[in-house]
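Structure file upload.cif (mmCIF, C-alpha atoms and all ligand atoms) follows.
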data_coords
#
loop_
_atom_site.group_PDB
_atom_site.id
_atom_site.type_symbol
_atom_site.label_atom_id
_atom_site.label_comp_id
_atom_site.auth_asym_id
_atom_site.auth_seq_id
_atom_site.Cartn_x
_atom_site.Cartn_y
_atom_site.Cartn_z
ATOM 1 C CA MET A 1 -131.976 53.009 -126.449
ATOM 2 C CA GLN A 2 -131.577 49.794 -124.438
ATOM 3 C CA PHE A 3 -134.557 49.049 -122.197
ATOM 4 C CA THR A 4 -134.560 46.904 -119.057
ATOM 5 C CA ARG A 5 -138.087 47.401 -117.698
ATOM 6 C CA ALA A 6 -141.628 48.145 -118.766
ATOM 7 C CA ILE A 7 -144.783 49.168 -116.942
ATOM 8 C CA VAL A 8 -148.016 47.566 -118.131
ATOM 9 C CA ARG A 9 -151.653 47.443 -117.015
ATOM 10 C CA PRO A 10 -154.224 44.930 -118.306
ATOM 11 C CA PRO A 11 -157.557 46.158 -119.675
ATOM 12 C CA ALA A 12 -160.320 46.530 -117.075
ATOM 13 C CA PRO A 13 -163.736 44.782 -117.382
ATOM 14 C CA ASN A 14 -165.183 48.075 -118.724
ATOM 15 C CA PHE A 15 -162.470 48.457 -121.394
ATOM 16 C CA ALA A 16 -165.199 48.756 -124.050
ATOM 17 C CA ASP A 17 -166.388 52.019 -122.443
ATOM 18 C CA GLY A 18 -163.170 53.796 -123.444
ATOM 19 C CA LEU A 19 -162.743 56.353 -126.204
ATOM 20 C CA THR A 20 -162.674 55.206 -129.795
ATOM 21 C CA SER A 21 -163.273 56.386 -133.335
ATOM 22 C CA ALA A 22 -162.310 53.087 -134.979
ATOM 23 C CA GLU A 23 -165.773 51.755 -135.866
ATOM 24 C CA LEU A 24 -164.470 48.192 -135.718
ATOM 25 C CA GLY A 25 -167.030 46.955 -133.215
ATOM 26 C CA VAL A 26 -167.083 46.306 -129.489
ATOM 27 C CA PRO A 27 -163.928 44.706 -128.088
ATOM 28 C CA ASP A 28 -164.094 41.303 -126.441
ATOM 29 C CA VAL A 29 -162.511 41.932 -123.040
ATOM 30 C CA ALA A 30 -161.632 38.270 -122.429
ATOM 31 C CA LEU A 31 -159.765 38.145 -125.740
ATOM 32 C CA ALA A 32 -158.112 41.503 -125.002
ATOM 33 C CA LEU A 33 -156.757 40.008 -121.773
ATOM 34 C CA VAL A 34 -155.288 37.054 -123.691
ATOM 35 C CA GLN A 35 -153.718 39.432 -126.226
ATOM 36 C CA HIS A 36 -152.372 41.613 -123.420
ATOM 37 C CA GLU A 37 -150.741 38.615 -121.781
ATOM 38 C CA ALA A 38 -149.096 37.634 -125.104
ATOM 39 C CA TYR A 39 -147.829 41.218 -125.409
ATOM 40 C CA CYS A 40 -146.350 41.018 -121.903
ATOM 41 C CA GLU A 41 -144.663 37.715 -122.705
ATOM 42 C CA ALA A 42 -143.164 39.239 -125.863
ATOM 43 C CA LEU A 43 -141.706 42.114 -123.823
ATOM 44 C CA GLU A 44 -140.218 39.578 -121.413
ATOM 45 C CA ARG A 45 -138.736 37.687 -124.356
ATOM 46 C CA CYS A 46 -137.056 40.955 -125.338
ATOM 47 C CA GLY A 47 -135.377 40.970 -121.929
ATOM 48 C CA LEU A 48 -137.636 43.376 -120.036
ATOM 49 C CA ALA A 49 -138.667 42.950 -116.393
ATOM 50 C CA LEU A 50 -142.308 43.955 -116.092
ATOM 51 C CA THR A 51 -144.091 46.020 -113.471
ATOM 52 C CA ARG A 52 -147.658 44.790 -113.801
ATOM 53 C CA LEU A 53 -150.151 47.313 -112.418
ATOM 54 C CA PRO A 54 -153.631 46.042 -111.516
ATOM 55 C CA ALA A 55 -156.545 46.704 -113.884
ATOM 56 C CA ASP A 56 -158.241 50.014 -113.036
ATOM 57 C CA ASP A 57 -161.923 50.233 -113.898
ATOM 58 C CA ARG A 58 -162.124 53.904 -112.894
ATOM 59 C CA PHE A 59 -160.473 54.568 -116.247
ATOM 60 C CA PRO A 60 -161.541 52.340 -119.175
ATOM 61 C CA ASP A 61 -158.571 53.528 -121.285
ATOM 62 C CA SER A 62 -156.012 52.930 -118.536
ATOM 63 C CA THR A 63 -154.425 49.925 -120.267
ATOM 64 C CA PHE A 64 -152.877 52.490 -122.665
ATOM 65 C CA VAL A 65 -150.227 53.467 -120.108
ATOM 66 C CA GLU A 66 -147.901 55.027 -122.669
ATOM 67 C CA ASP A 67 -149.995 58.181 -122.749
ATOM 68 C CA THR A 68 -149.383 59.030 -119.083
ATOM 69 C CA ALA A 69 -145.636 59.699 -119.084
ATOM 70 C CA VAL A 70 -142.615 60.437 -121.254
ATOM 71 C CA LEU A 71 -139.416 58.811 -120.064
ATOM 72 C CA THR A 72 -135.825 59.690 -120.846
ATOM 73 C CA PRO A 73 -132.843 57.855 -119.361
ATOM 74 C CA LYS A 74 -132.521 60.675 -116.818
ATOM 75 C CA SER A 75 -136.047 61.779 -116.049
ATOM 76 C CA VAL A 76 -139.782 61.364 -116.356
ATOM 77 C CA VAL A 77 -142.319 63.912 -117.519
ATOM 78 C CA PHE A 78 -145.812 63.102 -116.275
ATOM 79 C CA THR A 79 -148.239 64.138 -118.963
ATOM 80 C CA ARG A 80 -151.598 65.868 -118.854
ATOM 81 C CA PRO A 81 -153.618 63.748 -121.310
ATOM 82 C CA GLY A 82 -155.663 65.633 -123.857
ATOM 83 C CA ALA A 83 -158.851 63.697 -123.151
ATOM 84 C CA GLU A 84 -160.447 64.854 -119.902
ATOM 85 C CA SER A 85 -161.640 61.319 -119.121
ATOM 86 C CA ARG A 86 -158.023 60.127 -119.061
ATOM 87 C CA ARG A 87 -156.406 62.781 -116.839
ATOM 88 C CA GLY A 88 -156.733 60.701 -113.658
ATOM 89 C CA GLU A 89 -154.678 57.881 -115.181
ATOM 90 C CA VAL A 90 -151.455 59.771 -114.462
ATOM 91 C CA GLU A 91 -151.818 59.349 -110.678
ATOM 92 C CA GLY A 92 -152.118 55.611 -111.220
ATOM 93 C CA VAL A 93 -148.636 55.240 -112.735
ATOM 94 C CA ARG A 94 -146.851 57.716 -110.470
ATOM 95 C CA SER A 95 -145.730 55.378 -107.696
ATOM 96 C CA ALA A 96 -144.511 52.698 -110.131
ATOM 97 C CA ILE A 97 -142.472 55.281 -112.024
ATOM 98 C CA ARG A 98 -141.172 56.826 -108.816
ATOM 99 C CA THR A 99 -139.348 53.579 -108.019
ATOM 100 C CA LEU A 100 -137.124 54.250 -111.059
ATOM 101 C CA GLY A 101 -135.617 57.122 -109.100
ATOM 102 C CA ARG A 102 -135.588 59.526 -112.031
ATOM 103 C CA ARG A 103 -136.039 63.280 -111.870
ATOM 104 C CA GLU A 104 -139.751 64.133 -112.098
ATOM 105 C CA ARG A 105 -141.427 66.913 -114.051
ATOM 106 C CA GLU A 106 -145.024 67.579 -114.991
ATOM 107 C CA ILE A 107 -147.013 69.075 -117.862
ATOM 108 C CA MET A 108 -149.171 71.872 -116.440
ATOM 109 C CA ALA A 109 -152.492 73.342 -117.663
ATOM 110 C CA PRO A 110 -153.344 74.600 -120.190
ATOM 111 C CA GLY A 111 -150.782 72.258 -121.744
ATOM 112 C CA THR A 112 -151.813 68.760 -122.800
ATOM 113 C CA VAL A 113 -149.582 65.899 -123.931
ATOM 114 C CA ASP A 114 -150.360 62.255 -124.731
ATOM 115 C CA GLY A 115 -147.299 59.974 -124.711
ATOM 116 C CA GLY A 116 -148.479 58.460 -128.006
ATOM 117 C CA ASP A 117 -147.562 61.716 -129.721
ATOM 118 C CA ILE A 118 -143.962 61.644 -128.582
ATOM 119 C CA CYS A 119 -141.519 59.789 -130.804
ATOM 120 C CA GLU A 120 -137.898 59.526 -129.678
ATOM 121 C CA ALA A 121 -135.394 58.996 -132.477
ATOM 122 C CA GLY A 122 -131.929 58.891 -130.954
ATOM 123 C CA SER A 123 -131.097 62.321 -129.573
ATOM 124 C CA HIS A 124 -133.984 64.000 -131.410
ATOM 125 C CA VAL A 125 -137.628 63.809 -130.376
ATOM 126 C CA LEU A 126 -140.603 64.443 -132.651
ATOM 127 C CA ILE A 127 -143.537 65.977 -130.793
ATOM 128 C CA GLY A 128 -146.848 65.437 -132.553
ATOM 129 C CA ILE A 129 -149.308 68.305 -132.236
ATOM 130 C CA SER A 130 -152.603 66.475 -132.418
ATOM 131 C CA HIS A 131 -156.162 66.664 -131.141
ATOM 132 C CA ARG A 132 -154.683 65.403 -127.826
ATOM 133 C CA THR A 133 -151.301 67.159 -127.554
ATOM 134 C CA ASN A 134 -151.422 70.945 -127.820
ATOM 135 C CA GLU A 135 -148.653 73.444 -128.586
ATOM 136 C CA ASP A 136 -148.461 74.655 -124.996
ATOM 137 C CA GLY A 137 -147.888 71.107 -123.767
ATOM 138 C CA GLY A 138 -145.425 70.523 -126.603
ATOM 139 C CA ARG A 139 -143.419 73.607 -125.598
ATOM 140 C CA GLN A 140 -143.291 72.538 -121.949
ATOM 141 C CA LEU A 141 -142.118 69.080 -122.955
ATOM 142 C CA ALA A 142 -139.526 70.439 -125.406
ATOM 143 C CA ALA A 143 -137.995 72.547 -122.601
ATOM 144 C CA PHE A 144 -137.792 69.532 -120.275
ATOM 145 C CA LEU A 145 -136.238 67.398 -123.013
ATOM 146 C CA ALA A 146 -133.672 70.099 -123.779
ATOM 147 C CA GLU A 147 -132.531 69.976 -120.136
ATOM 148 C CA ASP A 148 -131.805 66.277 -120.708
ATOM 149 C CA GLY A 149 -129.837 66.984 -123.898
ATOM 150 C CA PHE A 150 -132.531 66.132 -126.480
ATOM 151 C CA THR A 151 -133.399 68.347 -129.421
ATOM 152 C CA SER A 152 -137.020 68.282 -130.566
ATOM 153 C CA SER A 153 -139.365 69.542 -133.243
ATOM 154 C CA PHE A 154 -143.127 69.773 -133.678
ATOM 155 C CA VAL A 155 -145.069 67.799 -136.268
ATOM 156 C CA ASP A 156 -148.620 68.986 -136.786
ATOM 157 C CA ILE A 157 -150.832 65.960 -137.491
ATOM 158 C CA ARG A 158 -154.196 67.615 -136.839
ATOM 159 C CA ALA A 159 -155.082 67.489 -140.507
ATOM 160 C CA VAL A 160 -153.828 63.945 -141.060
ATOM 161 C CA PRO A 161 -156.905 61.721 -141.205
ATOM 162 C CA SER A 162 -157.173 58.344 -139.514
ATOM 163 C CA ILE A 163 -154.384 58.643 -136.945
ATOM 164 C CA LEU A 164 -155.032 59.492 -133.320
ATOM 165 C CA HIS A 165 -151.410 60.038 -132.312
ATOM 166 C CA LEU A 166 -148.159 60.668 -134.154
ATOM 167 C CA LYS A 167 -146.962 57.157 -133.335
ATOM 168 C CA SER A 168 -150.138 55.661 -134.827
ATOM 169 C CA GLY A 169 -148.458 56.276 -138.172
ATOM 170 C CA LEU A 170 -144.736 56.531 -137.540
ATOM 171 C CA SER A 171 -142.252 54.409 -135.599
ATOM 172 C CA TRP A 172 -138.555 54.874 -135.003
ATOM 173 C CA LEU A 173 -136.811 51.557 -135.523
ATOM 174 C CA GLY A 174 -133.270 52.687 -134.785
ATOM 175 C CA GLU A 175 -130.387 50.759 -136.252
ATOM 176 C CA ASN A 176 -130.878 47.443 -138.019
ATOM 177 C CA ALA A 177 -128.522 44.537 -138.648
ATOM 178 C CA LEU A 178 -127.222 46.398 -141.702
ATOM 179 C CA HIS A 179 -126.329 49.356 -139.465
ATOM 180 C CA ALA A 180 -128.751 51.692 -141.169
ATOM 181 C CA ALA A 181 -131.142 53.610 -138.928
ATOM 182 C CA GLY A 182 -134.696 53.809 -140.064
ATOM 183 C CA TRP A 183 -138.331 54.732 -139.763
ATOM 184 C CA LEU A 184 -141.457 52.733 -140.398
ATOM 185 C CA LEU A 185 -144.159 55.062 -141.610
ATOM 186 C CA THR A 186 -147.597 55.408 -143.138
ATOM 187 C CA ILE A 187 -147.792 59.193 -143.187
ATOM 188 C CA GLU A 188 -146.467 60.251 -146.557
ATOM 189 C CA ALA A 189 -146.521 63.903 -145.542
ATOM 190 C CA LEU A 190 -143.847 63.160 -142.942
ATOM 191 C CA ALA A 191 -141.443 61.362 -145.235
ATOM 192 C CA MET A 192 -139.928 64.605 -146.517
ATOM 193 C CA MET A 193 -139.315 66.195 -143.130
ATOM 194 C CA PRO A 194 -135.567 66.626 -142.637
ATOM 195 C CA GLU A 195 -135.585 64.658 -139.361
ATOM 196 C CA VAL A 196 -137.295 61.776 -141.149
ATOM 197 C CA ALA A 197 -135.794 62.063 -144.633
ATOM 198 C CA ARG A 198 -132.210 61.648 -143.508
ATOM 199 C CA PHE A 199 -132.763 58.041 -142.403
ATOM 200 C CA ASP A 200 -133.831 54.901 -144.260
ATOM 201 C CA GLN A 201 -137.599 54.545 -144.481
ATOM 202 C CA ILE A 202 -139.841 51.547 -144.734
ATOM 203 C CA ARG A 203 -143.201 52.617 -146.169
ATOM 204 C CA VAL A 204 -146.100 50.586 -144.859
ATOM 205 C CA PRO A 205 -147.996 49.127 -147.849
ATOM 206 C CA SER A 206 -151.576 50.275 -148.402
ATOM 207 C CA LYS A 207 -154.216 48.210 -146.573
ATOM 208 C CA GLU A 208 -151.683 47.609 -143.789
ATOM 209 C CA GLU A 209 -151.732 51.125 -142.285
ATOM 210 C CA TYR A 210 -152.029 49.725 -138.784
ATOM 211 C CA GLY A 211 -148.401 48.600 -139.260
ATOM 212 C CA GLY A 212 -147.224 52.184 -138.793
ATOM 213 C CA ASN A 213 -147.281 51.584 -135.050
ATOM 214 C CA ALA A 214 -144.476 49.182 -134.194
ATOM 215 C CA VAL A 215 -142.201 49.032 -131.171
ATOM 216 C CA ARG A 216 -138.473 48.556 -131.210
ATOM 217 C CA VAL A 217 -137.425 46.762 -128.041
ATOM 218 C CA ASN A 218 -133.726 46.019 -127.743
ATOM 219 C CA GLY A 219 -132.910 43.809 -130.758
ATOM 220 C CA HIS A 220 -136.539 43.185 -131.757
ATOM 221 C CA VAL A 221 -139.449 44.891 -133.494
ATOM 222 C CA LEU A 222 -142.941 44.121 -132.188
ATOM 223 C CA LEU A 223 -145.511 44.317 -134.970
ATOM 224 C CA ALA A 224 -149.227 43.570 -135.066
ATOM 225 C CA GLU A 225 -150.243 40.221 -136.523
ATOM 226 C CA GLY A 226 -151.933 40.065 -139.944
ATOM 227 C CA LEU A 227 -149.662 42.532 -141.762
ATOM 228 C CA PRO A 228 -147.599 40.138 -143.920
ATOM 229 C CA HIS A 229 -146.189 42.710 -146.329
ATOM 230 C CA THR A 230 -145.062 45.074 -143.597
ATOM 231 C CA ALA A 231 -143.519 42.201 -141.625
ATOM 232 C CA GLU A 232 -141.633 41.079 -144.722
ATOM 233 C CA LEU A 233 -140.269 44.578 -145.382
ATOM 234 C CA VAL A 234 -139.151 45.002 -141.780
ATOM 235 C CA ARG A 235 -137.475 41.575 -141.773
ATOM 236 C CA ALA A 236 -135.775 42.308 -145.104
ATOM 237 C CA ALA A 237 -134.288 45.448 -143.558
ATOM 238 C CA GLY A 238 -132.567 43.234 -141.014
ATOM 239 C CA TYR A 239 -134.833 43.509 -137.998
ATOM 240 C CA ASP A 240 -136.042 40.589 -135.902
ATOM 241 C CA VAL A 241 -139.865 40.747 -135.972
ATOM 242 C CA ILE A 242 -142.211 39.427 -133.272
ATOM 243 C CA THR A 243 -145.902 39.568 -134.231
ATOM 244 C CA ILE A 244 -148.705 39.972 -131.702
ATOM 245 C CA SER A 245 -152.457 39.753 -132.129
ATOM 246 C CA MET A 246 -153.904 43.220 -131.468
ATOM 247 C CA SER A 247 -157.458 43.054 -132.819
ATOM 248 C CA GLU A 248 -159.230 44.048 -129.580
ATOM 249 C CA PHE A 249 -156.928 47.006 -128.819
ATOM 250 C CA ARG A 250 -157.240 48.233 -132.378
ATOM 251 C CA LYS A 251 -161.002 48.504 -131.866
ATOM 252 C CA MET A 252 -160.225 51.122 -129.176
ATOM 253 C CA ASP A 253 -157.715 53.055 -131.328
ATOM 254 C CA GLY A 254 -154.797 51.440 -129.512
ATOM 255 C CA GLY A 255 -151.545 50.132 -130.937
ATOM 256 C CA LEU A 256 -148.539 48.214 -129.675
ATOM 257 C CA SER A 257 -146.627 51.175 -128.288
ATOM 258 C CA CYS A 258 -149.544 52.427 -126.142
ATOM 259 C CA LEU A 259 -149.637 49.284 -124.035
ATOM 260 C CA SER A 260 -146.362 49.854 -122.199
ATOM 261 C CA LEU A 261 -144.030 52.426 -120.743
ATOM 262 C CA ARG A 262 -140.597 51.154 -121.617
ATOM 263 C CA CYS A 263 -137.726 52.272 -119.453
HETATM 264 C C1 LIG B 301 -157.812 56.883 -126.468
HETATM 265 O O1 LIG B 301 -158.582 57.281 -127.342
HETATM 266 O O2 LIG B 301 -157.187 57.659 -125.755
HETATM 267 C C2 LIG B 301 -157.598 55.393 -126.297
HETATM 268 N N1 LIG B 301 -158.822 54.717 -126.602
HETATM 269 C C3 LIG B 301 -156.491 54.894 -127.177
HETATM 270 C C4 LIG B 301 -155.143 55.437 -126.808
HETATM 271 C C5 LIG B 301 -154.047 54.894 -127.645
HETATM 272 N N2 LIG B 301 -152.794 55.354 -127.187
HETATM 273 C C6 LIG B 301 -151.717 55.503 -127.939
HETATM 274 O O3 LIG B 301 -151.758 55.334 -129.148
HETATM 275 N N3 LIG B 301 -150.596 55.911 -127.339
#
As structure tokens - that is how I would like this structure written.
Ligand code: CIR
Amino acid sequence: MQFTRAIVRPPAPNFADGLTSAELGVPDVALALVQHEAYCEALERCGLALTRLPADDRFPDSTFVEDTAVLTPKSVVFTRPGAESRRGEVEGVRSAIRTLGRREREIMAPGTVDGGDICEAGSHVLIGISHRTNEDGGRQLAAFLAEDGFTSSFVDIRAVPSILHLKSGLSWLGENALHAAGWLLTIEALAMMPEVARFDQIRVPSKEEYGGNAVRVNGHVLLAEGLPHTAELVRAAGYDVITISMSEFRKMDGGLSCLSLRC
């Protein structure tokens, strides 16, 4: 999918009050802002025009805009985030997304969906059933996606330790310079799934599990800094890699994909 725009929101001064299970310490908000700016510049280098929303201290996790909506080329599905403290974030992205002029739909209670659990891979979408995205929400989303011509399937990650969302451990890279389409993944249990097994796979080496969350943007792959083996494997597969320092977002369970809504 070719992207032209992205919606981003910098971390608020109370970013450290957000949800986390990472046990990596308290994030330095000033450094997070520097890292966020570098992320934005990387998206611009990939050819995207950015809509920069203002920081929103009503919601300490609001920099993770990806969780609030699922976009297809034709429509947008506003989510209902699984964490109660994050539900209000959806209102905050609505007017920016409305300017895209796409058909709007909404996940309704008791359904919950976090955008981080939704992984588009060409015309098929993997829907992670996690501690944030429930089956009711997954079914609602699958029906909306079907109207737009996408097939989808559920992947239950509730028993997979150490990942918050499906895309914390699995990224669709699309086609590379060698014209093979591929996945980057840390979750061994997923490698055998038919939707995953039929494409090339780059397995993230142990001790670099954070590398499972990468973002393909037009011809480039954004990857977190400090993962030399993963970067080498992705480059060797023919992708252009841009690395970005993510230490402060990682402390809050965030990865590269969560920081933008690409459209
Ligand atoms: C949360 O727990 O909801 C945030 N601290 C992190 C969300 C990361 N989002 C994502 O991976 N899509």
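We find atom CA of Pro10 of chain A and atom CA of Ala109 of chain A to be spaced 28.5 Å apart.
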Listed atoms of ligand LIG 301 (chain B), axis-aligned box, 8 Å per side: centre and edge lengths to one decimal in Å, as lines of an AutoDock Vina configuration file?
center_x = -154.7
center_y = 56.2
center_z = -127.5
size_x = 24.2
size_y = 18.9
size_z = 19.4
>> For the PyMOL selection byres (((chain A and resi 74) around 9) and not hetatm), applied here, can you spell out every residue it catches as a PyMOL selection string?
In response: chain A and resi 71-73+75-76+102-103+148
> What do you get, as an MDAnalysis selection string, if you spell out every residue that the PyMOL selection byres (((not hetatm)) within 6 of (chain B and resi 301)) selects here?
Replying inline: chainID A and resid 18:20 61 64 66:67 115:116 165 168 252:255 258
Please write as a CSV table (one decimal) with C-alpha atoms, keeping the file's coordinate frame the full residue list that the PyMOL selection byres (((chain A and resi 153-158) around 6) and not hetatm) yields on this file.
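Result file is out-v1.csv:
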chain,number,residue,atom,x,y,z
A,126,LEU,CA,-140.6,64.4,-132.7
A,127,ILE,CA,-143.5,66.0,-130.8
A,128,GLY,CA,-146.8,65.4,-132.6
A,129,ILE,CA,-149.3,68.3,-132.2
A,130,SER,CA,-152.6,66.5,-132.4
A,152,SER,CA,-137.0,68.3,-130.6
A,159,ALA,CA,-155.1,67.5,-140.5
A,160,VAL,CA,-153.8,63.9,-141.1
Can you tell me, as a short mmCIF file (atom, residue, chain, number, x, y, z; two decimals) with C-alpha atoms, in the frame of the given file, what residues are no more than 8 Å from Ser257 of chain A when counting all atoms listed in the file, ignoring any on the same chain fewer than 3 positions away?
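Okay, selection-v9.cif is ready:
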data_model
loop_
_atom_site.label_atom_id
_atom_site.label_comp_id
_atom_site.auth_asym_id
_atom_site.auth_seq_id
_atom_site.Cartn_x
_atom_site.Cartn_y
_atom_site.Cartn_z
CA GLU A 66 -147.90 55.03 -122.67
CA GLY A 116 -148.48 58.46 -128.01
CA LYS A 167 -146.96 57.16 -133.34
CA ASN A 213 -147.28 51.58 -135.05
CA ALA A 214 -144.48 49.18 -134.19
CA VAL A 215 -142.20 49.03 -131.17
CA SER A 260 -146.36 49.85 -122.20
#
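Counting only C-alpha atoms, the residue from A:Lys251, A:Gly82, A:Leu256, A:Asp114 that sits nearest to Val29 of chain A is A:Lys251.
In this model, the gap between atom CA of Ile97 of chain A and atom CA of Phe3 of chain A comes to 14.3 Å.
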> Around (-151.8, 65.6, -118.3) in the file's own coordinates, what residues are found within 10 Å if you use only C-alpha atoms, given back as a count of residues only?
Replying inline: 30
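Of the listed residues A:Ala191, A:Leu227, A:Ala32, A:Val221, the one whose atoms come nearest to Pro205 of chain A is A:Leu227, with distances taken using all atoms listed in the file.
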> Mind pulling up the distance from atom CA of Glu44 of chain A to atom CA of Ile242 of chain A?
Replying inline: 12.0 Å
> Need the neighbours of (-144.7, 54.0, -112.5): which residues are at most 9 Å away, counting only C-alpha atoms, as a PyMOL selection string?
Replying inline: chain A and resi 7+51+53+69+92-100+261
